[in-house]
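Enquirer: Pasting model.txt below, which is compact mmCIF, C-alpha atoms.
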```
# COMPACT_ATOMS: atom_id res chain seq x y z
CA PRO T 170 0.00 0.00 0.00
CA VAL T 171 0.94 3.62 -0.56
CA ALA T 172 -0.47 6.78 0.99
CA THR T 173 -1.57 9.72 -1.14
CA GLY T 174 -0.91 13.37 -0.52
CA THR T 175 2.19 14.96 1.02
CA PRO T 176 3.89 13.60 4.17
CA ALA T 177 4.64 15.80 7.15
CA ALA T 178 7.87 17.83 7.06
CA PRO T 179 10.82 16.09 8.71
CA GLN T 180 11.78 17.24 12.22
CA ALA T 181 15.30 17.75 13.53
CA ILE T 182 16.07 14.88 15.90
CA SER T 183 19.84 15.14 16.49
CA GLN T 184 22.93 17.28 16.08
CA PRO T 185 25.00 15.77 13.26
CA ILE T 186 28.72 15.31 13.73
CA ILE T 187 30.68 16.07 10.56
CA GLU T 188 34.08 14.41 10.87
CA ASN T 189 35.27 15.42 7.38
CA GLN T 190 33.91 18.81 6.36
CA ARG T 191 35.42 18.75 2.85
CA LEU T 192 33.94 15.32 2.12
CA TYR T 193 30.59 16.46 3.51
CA GLU T 194 30.58 19.54 1.29
CA ALA T 195 31.54 17.52 -1.79
CA LEU T 196 28.76 15.00 -1.20
CA ASP T 197 26.24 17.75 -0.46
CA ALA T 198 27.27 19.63 -3.60
CA TYR T 199 26.79 16.51 -5.73
CA LEU T 200 23.34 15.63 -4.36
CA SER T 201 22.10 19.21 -4.26
CA ALA T 202 22.98 19.73 -7.92
CA LEU T 203 21.40 16.54 -9.32
CA PRO T 204 19.71 17.70 -12.56
CA VAL T 205 16.01 16.84 -12.81
CA ASP T 206 15.99 17.67 -16.53
CA LYS T 207 18.70 15.07 -17.12
CA GLY T 208 16.95 12.36 -15.17
CA PHE T 209 19.33 12.72 -12.21
CA TYR T 210 22.15 11.56 -14.52
CA THR T 211 20.25 8.62 -16.01
CA VAL T 212 19.38 7.57 -19.54
CA LYS T 213 16.35 5.46 -20.44
CA ALA T 214 16.77 2.21 -22.35
CA ASP T 215 14.99 3.36 -25.50
CA LYS T 216 17.04 6.56 -25.67
CA LEU T 217 20.31 4.65 -25.20
CA ASN T 218 19.27 2.24 -27.95
CA GLU T 219 18.54 5.18 -30.28
CA ASP T 220 21.91 6.72 -29.51
CA LEU T 221 23.73 3.45 -30.21
CA ALA T 222 21.77 2.90 -33.44
CA SER T 223 22.67 6.39 -34.62
CA GLY T 224 26.36 5.62 -34.19
CA ALA T 225 27.00 7.74 -31.10
CA GLU T 226 30.45 7.10 -29.62
CA LEU T 227 29.69 5.89 -26.12
CA THR T 228 31.72 3.88 -23.64
CA LEU T 229 29.45 1.28 -22.02
CA ILE T 230 30.58 -0.01 -18.63
CA ASP T 231 28.84 -3.10 -17.19
CA VAL T 232 29.46 -3.00 -13.43
CA ARG T 233 27.80 -6.34 -12.70
CA THR T 234 29.77 -9.43 -11.74
CA GLU T 235 31.53 -11.46 -14.42
CA LYS T 236 28.91 -14.21 -14.07
CA GLU T 237 26.07 -11.72 -14.59
CA HIS T 238 27.87 -10.24 -17.59
CA GLN T 239 28.19 -13.67 -19.17
CA SER T 240 24.42 -14.17 -18.93
CA GLY T 241 23.90 -11.40 -21.49
CA TYR T 242 25.18 -7.86 -22.00
CA ILE T 243 24.73 -4.85 -24.27
CA GLU T 244 26.89 -5.19 -27.36
CA GLY T 245 30.12 -3.24 -27.09
CA SER T 246 30.10 -2.96 -23.30
CA VAL T 247 33.15 -3.57 -21.09
CA ASN T 248 32.75 -5.53 -17.87
CA LEU T 249 34.32 -3.73 -14.89
CA PRO T 250 32.56 -5.02 -11.76
CA LEU T 251 31.67 -2.51 -9.05
CA GLU T 252 34.30 -3.91 -6.70
CA THR T 253 37.13 -3.48 -9.20
CA ILE T 254 36.28 -0.43 -11.30
CA LEU T 255 38.34 2.10 -9.32
CA SER T 256 41.44 -0.03 -9.74
CA ASN T 257 40.81 -0.14 -13.50
CA LEU T 258 40.36 3.54 -14.33
CA ASP T 259 42.99 3.11 -17.05
CA GLN T 260 40.33 1.27 -19.06
CA LEU T 261 38.09 4.36 -19.10
CA PRO T 262 38.33 7.09 -21.74
CA ASP T 263 39.27 10.68 -20.88
CA LYS T 264 37.19 12.52 -18.29
CA ASP T 265 35.04 14.42 -20.79
CA ALA T 266 34.08 11.42 -22.93
CA PRO T 267 30.45 10.15 -22.77
CA ILE T 268 30.16 7.09 -20.51
CA VAL T 269 27.09 4.97 -19.73
CA VAL T 270 27.24 2.58 -16.78
CA PHE T 271 24.74 -0.14 -16.03
CA CYS T 272 24.06 -2.99 -13.64
CA ALA T 273 21.04 -5.26 -13.13
CA SER T 274 18.51 -2.78 -11.75
CA GLY T 275 20.27 0.58 -11.55
CA HIS T 276 21.56 0.53 -7.96
CA ARG T 277 25.21 -0.32 -8.50
CA GLY T 278 25.22 1.81 -11.63
CA ALA T 279 24.14 4.80 -9.54
CA VAL T 280 26.99 4.25 -7.09
CA VAL T 281 29.56 4.13 -9.90
CA THR T 282 28.04 7.15 -11.65
CA MET T 283 28.32 9.15 -8.44
CA ALA T 284 31.89 8.01 -7.82
CA LEU T 285 33.09 8.85 -11.32
CA ARG T 286 31.38 12.25 -11.41
CA MET T 287 32.85 13.19 -8.03
CA MET T 288 36.27 12.21 -9.42
CA GLY T 289 35.91 14.62 -12.31
CA TYR T 290 34.30 12.56 -15.09
CA THR T 291 31.89 15.08 -16.56
CA ASN T 292 29.69 13.05 -18.90
CA VAL T 293 28.65 9.89 -17.04
CA VAL T 294 25.07 8.60 -16.85
CA ASN T 295 23.45 5.47 -15.44
CA LEU T 296 21.09 3.24 -17.43
CA ALA T 297 17.74 3.72 -15.65
CA GLY T 298 16.48 0.34 -14.47
CA GLY T 299 19.68 -1.35 -15.65
CA ILE T 300 19.67 -4.51 -17.75
CA ASN T 301 16.20 -5.34 -16.41
CA ALA T 302 14.78 -2.23 -18.07
CA TRP T 303 16.73 -3.01 -21.27
CA LYS T 304 15.18 -6.48 -21.36
CA ALA T 305 11.70 -5.13 -20.57
CA ALA T 306 12.03 -2.88 -23.61
CA GLN T 307 12.82 -6.05 -25.63
CA LEU T 308 16.20 -4.71 -26.70
CA PRO T 309 18.97 -7.12 -27.76
CA LEU T 310 21.64 -8.61 -25.55
CA VAL T 311 24.80 -10.40 -26.63
CA GLY T 312 25.57 -13.81 -25.18
CA ALA T 313 22.25 -14.13 -23.37
CA ALA T 314 20.69 -17.55 -23.18
CA VAL T 315 17.18 -17.46 -24.59
CA ASP T 316 14.39 -18.72 -22.33
CA TRP T 317 12.89 -21.02 -24.93
CA MET T 318 10.64 -22.70 -22.37
CA SER T 319 8.82 -19.42 -21.78
CA LEU T 320 8.80 -18.44 -25.46
CA TRP T 321 7.44 -21.77 -26.66
CA THR T 322 4.90 -21.84 -23.84
CA GLU T 323 3.57 -18.44 -24.88
CA PHE T 324 3.64 -19.31 -28.58
CA LEU T 325 1.86 -22.67 -28.41
CA THR T 326 -0.61 -21.62 -25.73
CA ASN T 327 -1.73 -18.65 -27.80
CA LEU T 328 -1.81 -20.29 -31.24
CA PRO T 329 -5.08 -18.92 -32.68
CA ALA T 330 -7.50 -21.67 -33.68
CA ASP T 331 -9.67 -19.12 -35.48
CA GLN T 332 -6.69 -18.35 -37.76
CA GLY T 333 -5.99 -22.00 -38.47
CA TYR T 334 -3.08 -21.94 -36.04
CA TYR T 335 -1.33 -19.55 -38.46
CA THR T 336 -2.21 -21.43 -41.65
CA ILE T 337 -3.92 -20.39 -44.87
CA SER T 338 -6.00 -22.70 -47.05
CA ALA T 339 -5.22 -23.26 -50.71
CA GLN T 340 -8.49 -21.57 -51.66
CA ALA T 341 -7.73 -18.48 -49.58
CA LEU T 342 -4.19 -18.26 -50.95
CA ASN T 343 -5.43 -18.53 -54.52
CA GLU T 344 -7.84 -15.65 -53.90
CA ALA T 345 -5.09 -13.57 -52.31
CA LEU T 346 -2.77 -14.15 -55.27
CA MET T 347 -5.41 -12.77 -57.62
CA ALA T 348 -6.12 -9.74 -55.41
CA GLU T 349 -3.12 -8.53 -53.39
CA PRO T 350 -0.35 -11.12 -53.66
CA PRO T 351 1.64 -11.77 -50.46
CA PHE T 352 5.34 -12.64 -50.45
CA LEU T 353 5.33 -16.34 -51.30
CA LEU T 354 8.21 -18.39 -49.88
CA ASP T 355 8.83 -21.95 -51.09
CA VAL T 356 11.09 -23.72 -48.56
CA ARG T 357 11.53 -27.00 -50.44
CA GLU T 358 14.78 -28.26 -51.94
CA ALA T 359 15.60 -27.25 -55.52
CA ALA T 360 15.18 -30.85 -56.74
CA GLU T 361 11.61 -30.86 -55.43
CA LEU T 362 10.75 -27.76 -57.44
CA GLU T 363 12.20 -29.26 -60.62
CA LYS T 364 10.19 -32.45 -60.08
CA ASP T 365 6.86 -31.13 -58.80
CA GLY T 366 6.73 -27.50 -59.90
CA TYR T 367 6.03 -24.41 -57.82
CA ILE T 368 3.35 -21.79 -57.28
CA ALA T 369 3.75 -18.85 -59.66
CA GLY T 370 5.45 -15.88 -58.03
CA ALA T 371 7.16 -17.91 -55.31
CA VAL T 372 10.71 -17.31 -54.11
CA ASN T 373 12.67 -20.45 -53.27
CA ILE T 374 14.90 -20.57 -50.19
CA PRO T 375 15.22 -24.09 -48.72
CA ALA T 376 14.19 -24.44 -45.06
CA ARG T 377 17.75 -25.11 -43.91
CA GLU T 378 18.94 -21.84 -45.49
CA VAL T 379 16.13 -19.38 -44.75
CA LEU T 380 17.66 -17.81 -41.65
CA LYS T 381 20.94 -17.27 -43.49
CA ASN T 382 19.02 -15.20 -46.08
CA LEU T 383 16.91 -12.78 -44.05
CA ASP T 384 18.00 -10.02 -46.44
CA LYS T 385 15.93 -11.71 -49.14
CA LEU T 386 12.68 -11.48 -47.15
CA PRO T 387 10.30 -8.52 -47.07
CA ALA T 388 9.92 -6.11 -44.15
CA GLN T 389 8.67 -7.58 -40.88
CA GLU T 390 5.26 -5.91 -41.29
CA GLN T 391 4.55 -7.46 -44.70
CA LYS T 392 2.59 -10.67 -45.16
CA ILE T 393 4.51 -13.86 -45.93
CA VAL T 394 2.98 -17.18 -46.98
CA ILE T 395 5.30 -20.18 -46.64
CA TYR T 396 4.84 -23.57 -48.19
CA CYS T 397 6.69 -26.88 -48.50
CA ALA T 398 5.46 -30.26 -49.75
CA SER T 399 3.06 -31.16 -46.94
CA GLY T 400 3.14 -28.33 -44.38
CA HIS T 401 5.76 -29.71 -41.99
CA ARG T 402 8.78 -27.61 -43.01
CA GLY T 403 6.57 -24.60 -43.64
CA ALA T 404 5.42 -24.71 -40.01
CA LEU T 405 9.01 -24.80 -38.73
CA VAL T 406 10.06 -21.77 -40.79
CA MET T 407 6.85 -19.90 -39.95
CA ALA T 408 7.52 -20.28 -36.22
CA ALA T 409 11.16 -19.23 -36.61
CA LEU T 410 10.26 -16.03 -38.45
CA ARG T 411 7.55 -15.13 -35.96
CA PHE T 412 10.04 -15.57 -33.09
CA LEU T 413 12.39 -13.20 -34.93
CA GLY T 414 9.79 -10.46 -35.29
CA TRP T 415 7.87 -11.08 -38.51
CA LYS T 416 4.27 -10.36 -37.55
CA ASP T 417 2.17 -11.79 -40.37
CA VAL T 418 3.59 -15.15 -41.45
CA VAL T 419 1.37 -18.13 -42.23
CA ASN T 420 1.89 -21.63 -43.56
CA LEU T 421 0.00 -23.10 -46.52
CA ALA T 422 -2.14 -25.87 -45.03
CA GLY T 423 -1.20 -29.15 -46.69
CA GLY T 424 1.66 -27.52 -48.58
CA LEU T 425 2.02 -27.94 -52.34
CA ASN T 426 0.26 -31.30 -52.05
CA GLY T 427 -2.82 -29.49 -50.73
CA TRP T 428 -2.51 -26.85 -53.44
CA LYS T 429 -2.48 -29.52 -56.16
CA LYS T 430 -5.30 -31.45 -54.52
CA ALA T 431 -7.39 -28.29 -54.82
CA GLU T 432 -6.52 -28.36 -58.54
CA PHE T 433 -4.68 -25.04 -58.64
CA ALA T 434 -1.98 -24.49 -61.22
CA VAL T 435 1.76 -24.87 -60.75
CA GLU T 436 4.68 -23.64 -62.81
CA MET T 437 7.40 -26.03 -63.91
CA GLY T 438 11.12 -25.27 -63.80
CA VAL T 439 12.90 -23.05 -61.29
CA PRO T 440 11.78 -19.55 -60.24
CA GLU T 441 14.03 -16.52 -60.42
CA ALA T 442 16.60 -16.19 -57.65
CA PRO T 443 15.44 -13.96 -54.79
CA ALA T 444 16.79 -10.41 -54.73
CA ALA T 445 18.90 -9.35 -51.76
CA GLY T 446 18.13 -6.23 -49.77
CA SER T 447 18.93 -5.34 -46.18
CA ALA T 448 18.26 -7.71 -43.32
CA PRO T 449 16.33 -6.33 -40.32
CA ALA T 450 17.85 -6.19 -36.86
CA VAL T 451 16.84 -9.32 -34.94
CA ASP T 452 17.80 -10.85 -31.62
CA ALA T 453 21.21 -12.38 -32.31
CA GLN T 454 20.89 -15.25 -29.84
CA LYS T 455 17.38 -16.19 -30.99
CA LEU T 456 18.64 -16.18 -34.55
CA ALA T 457 21.60 -18.39 -33.63
CA ASP T 458 19.42 -20.91 -31.77
CA LEU T 459 16.73 -21.08 -34.47
CA ASN T 460 19.27 -21.32 -37.27
CA ALA T 461 21.07 -24.11 -35.41
CA PHE T 462 17.80 -26.08 -35.43
CA LEU T 463 16.79 -25.42 -39.05
CA ALA T 464 20.25 -25.71 -40.58
CA ALA T 465 20.74 -29.14 -38.98
CA LEU T 466 17.44 -30.64 -40.14
CA PRO T 467 18.21 -34.20 -41.31
CA GLU T 468 16.85 -35.96 -44.36
CA GLY T 469 13.18 -36.56 -43.68
CA PHE T 470 13.11 -33.41 -41.52
CA TYR T 471 12.13 -35.41 -38.38
CA THR T 472 9.00 -36.90 -39.97
CA VAL T 473 7.82 -40.49 -40.19
CA LYS T 474 5.59 -41.73 -43.03
CA PRO T 475 2.27 -43.35 -42.05
CA ALA T 476 3.18 -46.76 -43.51
CA ASP T 477 6.54 -46.83 -41.74
CA PHE T 478 4.95 -45.71 -38.49
CA ASN T 479 2.32 -48.44 -38.75
CA THR T 480 5.11 -51.00 -39.16
CA GLU T 481 6.82 -49.65 -36.04
CA LEU T 482 3.61 -49.96 -34.07
CA ALA T 483 3.05 -53.51 -35.27
CA SER T 484 6.55 -54.62 -34.27
CA ALA T 485 6.27 -52.93 -30.84
CA ALA T 486 9.99 -53.51 -30.39
CA ASP T 487 10.48 -50.31 -28.44
CA ALA T 488 8.30 -48.27 -26.13
CA LEU T 489 6.72 -45.45 -28.10
CA THR T 490 4.67 -42.49 -26.89
CA ILE T 491 2.11 -41.16 -29.38
CA VAL T 492 0.83 -37.64 -28.70
CA ASP T 493 -2.15 -36.32 -30.66
CA VAL T 494 -2.16 -32.50 -30.40
CA ARG T 495 -5.56 -31.94 -32.00
CA THR T 496 -8.60 -30.69 -30.09
CA PRO T 497 -10.64 -33.18 -28.02
CA GLU T 498 -13.43 -32.92 -30.62
CA GLU T 499 -11.04 -33.87 -33.44
CA PHE T 500 -9.57 -36.66 -31.33
CA ALA T 501 -13.03 -38.11 -30.63
CA GLU T 502 -13.78 -38.35 -34.35
CA GLY T 503 -10.97 -40.84 -34.78
CA HIS T 504 -7.45 -41.37 -33.46
CA ILE T 505 -4.58 -43.84 -33.61
CA GLU T 506 -4.91 -46.54 -31.00
CA GLY T 507 -2.74 -45.90 -27.95
CA SER T 508 -2.30 -42.18 -28.56
CA VAL T 509 -2.66 -39.58 -25.81
CA ASN T 510 -4.58 -36.40 -26.53
CA ILE T 511 -2.86 -33.17 -25.41
CA PRO T 512 -4.24 -30.24 -27.47
CA VAL T 513 -1.58 -27.91 -28.84
CA ASN T 514 -2.82 -24.92 -26.80
CA GLU T 515 -2.48 -26.98 -23.60
CA PHE T 516 0.67 -28.84 -24.52
CA MET T 517 3.30 -26.89 -22.60
CA ALA T 518 1.22 -27.02 -19.42
CA ASN T 519 1.23 -30.83 -19.64
CA LEU T 520 4.86 -31.72 -20.24
CA SER T 521 4.69 -33.91 -17.14
CA GLN T 522 2.65 -36.39 -19.20
CA LEU T 523 5.64 -37.03 -21.46
CA PRO T 524 8.34 -39.64 -20.79
CA ASP T 525 11.98 -38.67 -20.25
CA LYS T 526 13.78 -36.56 -22.84
CA ASN T 527 15.47 -39.52 -24.53
CA ALA T 528 12.29 -41.56 -25.04
CA LYS T 529 10.75 -42.16 -28.46
CA ILE T 530 7.88 -39.74 -29.12
CA VAL T 531 5.72 -39.28 -32.21
CA VAL T 532 3.43 -36.27 -32.40
CA LEU T 533 0.57 -35.81 -34.82
CA CYS T 534 -2.27 -33.48 -35.69
CA LYS T 535 -4.66 -33.20 -38.64
CA SER T 536 -2.25 -32.32 -41.45
CA GLY T 537 1.21 -32.02 -39.85
CA HIS T 538 1.28 -28.28 -39.10
CA ARG T 539 0.57 -28.34 -35.36
CA GLY T 540 2.61 -31.51 -34.96
CA ALA T 541 5.62 -29.81 -36.55
CA LEU T 542 5.38 -26.90 -34.12
CA VAL T 543 5.27 -29.23 -31.10
CA LEU T 544 8.16 -31.27 -32.50
CA MET T 545 10.25 -28.11 -32.92
CA ALA T 546 9.45 -26.97 -29.39
CA LEU T 547 10.36 -30.31 -27.83
CA ARG T 548 13.61 -30.72 -29.76
CA MET T 549 14.70 -27.17 -28.92
CA LEU T 550 13.95 -27.98 -25.26
CA GLY T 551 16.20 -31.03 -25.27
CA TYR T 552 13.94 -33.95 -26.29
CA THR T 553 16.19 -36.07 -28.51
CA ASP T 554 13.88 -38.54 -30.30
CA VAL T 555 10.75 -36.71 -31.42
CA ARG T 556 9.16 -37.13 -34.86
CA ASN T 557 6.06 -35.78 -36.55
CA LEU T 558 3.63 -38.01 -38.44
CA ALA T 559 3.91 -36.85 -42.07
CA GLY T 560 0.56 -35.56 -43.25
CA GLY T 561 -0.98 -36.10 -39.82
CA ILE T 562 -4.25 -37.99 -39.48
CA ASN T 563 -5.08 -37.01 -43.07
CA GLY T 564 -2.00 -38.87 -44.26
CA TRP T 565 -2.83 -41.84 -42.02
CA VAL T 566 -6.34 -42.08 -43.42
CA ALA T 567 -5.11 -41.65 -46.99
CA ALA T 568 -2.85 -44.67 -46.39
CA GLU T 569 -6.00 -46.62 -45.38
CA LEU T 570 -4.73 -47.27 -41.87
CA PRO T 571 -7.12 -47.83 -38.95
CA LEU T 572 -8.52 -45.31 -36.45
CA VAL T 573 -10.42 -45.90 -33.24
CA LYS T 574 -13.24 -43.69 -31.93
```
As a first step, turn the structure in this file into structure tokens.
Expert:
Amino acid sequence: PVATGTPAAPQAISQPIIENQRLYEALDAYLSALPVDKGFYTVKADKLNEDLASGAELTLIDVRTEKEHQSGYIEGSVNLPLETILSNLDQLPDKDAPIVVFCASGHRGAVVTMALRMMGYTNVVNLAGGINAWKAAQLPLVGAAVDWMSLWTEFLTNLPADQGYYTISAQALNEALMAEPPFLLDVREAAELEKDGYIAGAVNIPAREVLKNLDKLPAQEQKIVIYCASGHRGALVMAALRFLGWKDVVNLAGGLNGWKKAEFAVEMGVPEAPAAGSAPAVDAQKLADLNAFLAALPEGFYTVKPADFNTELASAADALTIVDVRTPEEFAEGHIEGSVNIPVNEFMANLSQLPDKNAKIVVLCKSGHRGALVLMALRMLGYTDVRNLAGGINGWVAAELPLVK
């Protein structure tokens, strides 16, 4: 609780003893002259980011411990912990150079700012709120481990069912291409395009290479439609781009197979190479983690074909956990015997229902899109043997394999 209004004026309760008058006067002079219009010698995170982006020459001093610094820091900063900074003044620029100090919350930074200013450094400010404020403003850190558990939990929990879990149907895409064409990204391998054709107007960047070619994608506000053969790879790339800041990315439901099934036209041959522009600024560590996943996708892209999966189930040589991530209503209409139903929006809240991280797990949904997202989440969280049923239940049914209700 807080009280409103103005508190009573303080009363004199003792006679202070000043043992060092010169020190007292110096401290009083510093505090009395703190400039309100300069934020009491602070700079806000967004302003500091603007200054750095504009190329301002600033010396950034991280006064946290070495361990804290290694958990993530502002690019270009030097780590001089609070306890050691005064014995390392030779690492500071001259006394009139602009210096920004920061810690975790602003407390230690304030102490160092005060010390340096009282020693004659004339242009020192403290990052208001420290690294915590920088993170709250969603500004980039170097060397910071990404909390993928939290990010995947938020992403999967909030996947919008009313938007097809970020998919677009072949019919809707065909209408869009005739009206206001979106940026169309084909993430299949070149050999697949030569064999099966491509949708007119598409740009081809294979899934493993997309994050190395961000300069060939449109601005983060523009619409992107991704497709592969069945929807599996498209889902992986869609999620990666959304994590990196693209706001309107969807995956073609059923991929090129679904497009052809709807009897829409394809072009044969190879499309023109994508033009390079400038890549947007993205979180460096997120990019590194996501690229590590996509670039290392094996042949088969962590999928299992319905016929092969049915053979595995029949042999029952190894324990296998089957997780159906469709809604309970979809599950009730027909599911693979022995599967457990954990809807995609509830998946991260029910990880306790999974076996250990080295166990065999197969996930599935209706067409492969939701299953691919869950597979990507689990593998990025350390599950080592997760696969997605290619084509989902649709593929299983098309292979004339049995369901139970």
Enquirer: Using only C-alpha atoms for the distances, tell me which of T:Ser240, T:Thr173, T:Ser536, T:Ser201 is nearest to T:Gly333.
Expert: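 Of the candidates, the smallest distance to T:Gly333 is held by T:Ser536.
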Enquirer: Give me, please, the distance in Å between atom CA of T:Ile243 and atom CA of T:Ile268, quoted to one decimal.
Expert: 13.6 Å
Enquirer: Fewer than 6 positions away in the same chain doesn't count, so skip those; otherwise give me all residues within 12 Å of T:Lys429, counting all atoms listed in the file, as a PyMOL selection string.
Expert: chain T and resi 338-340+343+365-368+398-399+421-423+435-436
Enquirer: Nearest residue to T:Val473 out of T:Glu188, T:Asp316, T:Glu323, T:Asp554, using all atoms listed in the file?
Expert: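 The answer is T:Asp554, which sits nearest to T:Val473.
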Enquirer: Would you mind telling me which residue in T:Leu550, T:Thr322, T:Val573, T:Ala453 lies nearest to T:Gly507 when using all atoms listed in the file?
Expert: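 Of T:Leu550, T:Thr322, T:Val573, T:Ala453, the one nearest T:Gly507, counting all atoms listed in the file, is T:Val573.
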Enquirer: I'd like a table as CSV: residues in stretch 426-476 of chain T with an atom no more than 12 Å from stretch 481-503 of chain T, each row giving the shortest atom pair and its distance in Å to one decimal, only C-alpha atoms counted, sorted by chain and rising residue number.
Expert:
```
residue,atom,partner,partner_atom,distance
T:Val473,CA,T:Glu481,CA,10.1
T:Lys474,CA,T:Glu481,CA,10.6
T:Pro475,CA,T:Glu481,CA,9.8
T:Ala476,CA,T:Glu481,CA,8.8
```
Enquirer: Excluding same-chain residues fewer than 3 positions from T:Val315, what lies within 10 Å of it counting only C-alpha atoms, as a ChimeraX atom specification?
Expert: /T:240-241,310,312,318-320,452,454-455,458
Enquirer: Generate a file of the selected residues that holds C-alpha atoms, formatted as an mmCIF file, in the frame of the given file.
Expert:
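Done, and the output landed in part_3.cif:
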```
data_model
loop_
_atom_site.group_PDB
_atom_site.id
_atom_site.type_symbol
_atom_site.label_atom_id
_atom_site.label_comp_id
_atom_site.auth_asym_id
_atom_site.auth_seq_id
_atom_site.Cartn_x
_atom_site.Cartn_y
_atom_site.Cartn_z
ATOM 1 C CA SER T 240 24.420 -14.170 -18.930
ATOM 2 C CA GLY T 241 23.900 -11.400 -21.490
ATOM 3 C CA LEU T 310 21.640 -8.610 -25.550
ATOM 4 C CA GLY T 312 25.570 -13.810 -25.180
ATOM 5 C CA MET T 318 10.640 -22.700 -22.370
ATOM 6 C CA SER T 319 8.820 -19.420 -21.780
ATOM 7 C CA LEU T 320 8.800 -18.440 -25.460
ATOM 8 C CA ASP T 452 17.800 -10.850 -31.620
ATOM 9 C CA GLN T 454 20.890 -15.250 -29.840
ATOM 10 C CA LYS T 455 17.380 -16.190 -30.990
ATOM 11 C CA ASP T 458 19.420 -20.910 -31.770
#
```
Enquirer: Within 12 Å of (12.4, 6.2, -21.1) (file coordinates; all atoms listed in the file), which protein or nucleic acid residues are there? I'd like them as number ranges by chain.
Expert: T: 207-208, 211-219, 296-299, 302-303, 305-306
Enquirer: Restricted to C-alpha atoms, what would the selected residues look like written as an mmCIF file, keeping the file's coordinate frame?
Expert:
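Produced file part_2.cif, reproduced below:
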```cif
data_model
loop_
_atom_site.group_PDB
_atom_site.id
_atom_site.type_symbol
_atom_site.label_atom_id
_atom_site.label_comp_id
_atom_site.auth_asym_id
_atom_site.auth_seq_id
_atom_site.Cartn_x
_atom_site.Cartn_y
_atom_site.Cartn_z
ATOM 1 C CA LYS T 207 18.700 15.070 -17.120
ATOM 2 C CA GLY T 208 16.950 12.360 -15.170
ATOM 3 C CA THR T 211 20.250 8.620 -16.010
ATOM 4 C CA VAL T 212 19.380 7.570 -19.540
ATOM 5 C CA LYS T 213 16.350 5.460 -20.440
ATOM 6 C CA ALA T 214 16.770 2.210 -22.350
ATOM 7 C CA ASP T 215 14.990 3.360 -25.500
ATOM 8 C CA LYS T 216 17.040 6.560 -25.670
ATOM 9 C CA LEU T 217 20.310 4.650 -25.200
ATOM 10 C CA ASN T 218 19.270 2.240 -27.950
ATOM 11 C CA GLU T 219 18.540 5.180 -30.280
ATOM 12 C CA LEU T 296 21.090 3.240 -17.430
ATOM 13 C CA ALA T 297 17.740 3.720 -15.650
ATOM 14 C CA GLY T 298 16.480 0.340 -14.470
ATOM 15 C CA GLY T 299 19.680 -1.350 -15.650
ATOM 16 C CA ALA T 302 14.780 -2.230 -18.070
ATOM 17 C CA TRP T 303 16.730 -3.010 -21.270
ATOM 18 C CA ALA T 305 11.700 -5.130 -20.570
ATOM 19 C CA ALA T 306 12.030 -2.880 -23.610
#
```
Enquirer: Around all listed atoms of stretch 302-309 of chain T, padded 8 Å per side, what centre and edge lengths does the axis-aligned box have in Å to one decimal, as AutoDock Vina command-line options?
Expert:
```
--center_x 15.3 --center_y -4.7 --center_z -22.9 --size_x 23.3 --size_y 20.9 --size_z 25.7
```
Enquirer: So, with all atoms listed in the file as the atoms that count, which of T:Asn248, T:Gly414, T:Leu405, T:Lys392 lies closest to T:Gln307?
Expert: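 Looking at the shortest contact to T:Gln307, the residue is T:Gly414.
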Enquirer: Hey, what's within 7 Å of T:Arg556 if we count all atoms listed in the file and toss same-chain stuff fewer than 2 positions away? As a PDB file with C-alpha atoms, in the frame of the given file, please?
Expert:
```pdb
ATOM      1  CA  TYR T 471      12.130 -35.410 -38.380  1.00  0.00           C
ATOM      2  CA  THR T 472       9.000 -36.900 -39.970  1.00  0.00           C
ATOM      3  CA  VAL T 473       7.820 -40.490 -40.190  1.00  0.00           C
ATOM      4  CA  ILE T 530       7.880 -39.740 -29.120  1.00  0.00           C
ATOM      5  CA  VAL T 531       5.720 -39.280 -32.210  1.00  0.00           C
ATOM      6  CA  VAL T 532       3.430 -36.270 -32.400  1.00  0.00           C
ATOM      7  CA  LEU T 544       8.160 -31.270 -32.500  1.00  0.00           C
ATOM      8  CA  ASP T 554      13.880 -38.540 -30.300  1.00  0.00           C
ATOM      9  CA  LEU T 558       3.630 -38.010 -38.440  1.00  0.00           C
TER      10      LEU T 558
END
```
Enquirer: Near T:Leu251, counting all atoms listed in the file, which residues have an atom at most 9 Å away, once you skip same-chain residues fewer than 3 positions from it, shown as a list in words?
Expert: Asp231, Val232, Arg233, Thr234, Ile254, Leu255, Cys272, Arg277, Gly278, Val280 and Val281 of chain T
Enquirer: So that I can see what lies close to T:Asn327, please list as a ChimeraX atom specification the residues with an atom at most 10 Å from it, counting all atoms listed in the file and leaving out residues fewer than 6 positions away in the same chain.
Expert: /T:321,334,513-515
Enquirer: How far is it from atom CA of T:Ala202 to atom CA of T:Leu285, in Å with one decimal?
Expert: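 Between these atoms lies a distance of 15.2 Å.
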Enquirer: Neighbourhood query: residues within 12 Å of (4.4, -32.7, -19.4), file coordinates, counting only C-alpha atoms; return as a short mmCIF file (atom, residue, chain, number, x, y, z; two decimals) with C-alpha atoms, in the coordinates of the input.
Expert:
```cif
data_model
loop_
_atom_site.label_atom_id
_atom_site.label_comp_id
_atom_site.auth_asym_id
_atom_site.auth_seq_id
_atom_site.Cartn_x
_atom_site.Cartn_y
_atom_site.Cartn_z
CA THR T 322 4.90 -21.84 -23.84
CA VAL T 492 0.83 -37.64 -28.70
CA VAL T 509 -2.66 -39.58 -25.81
CA ILE T 511 -2.86 -33.17 -25.41
CA GLU T 515 -2.48 -26.98 -23.60
CA PHE T 516 0.67 -28.84 -24.52
CA MET T 517 3.30 -26.89 -22.60
CA ALA T 518 1.22 -27.02 -19.42
CA ASN T 519 1.23 -30.83 -19.64
CA LEU T 520 4.86 -31.72 -20.24
CA SER T 521 4.69 -33.91 -17.14
CA GLN T 522 2.65 -36.39 -19.20
CA LEU T 523 5.64 -37.03 -21.46
CA PRO T 524 8.34 -39.64 -20.79
CA ASP T 525 11.98 -38.67 -20.25
CA LYS T 526 13.78 -36.56 -22.84
CA LEU T 547 10.36 -30.31 -27.83
CA TYR T 552 13.94 -33.95 -26.29
#
```
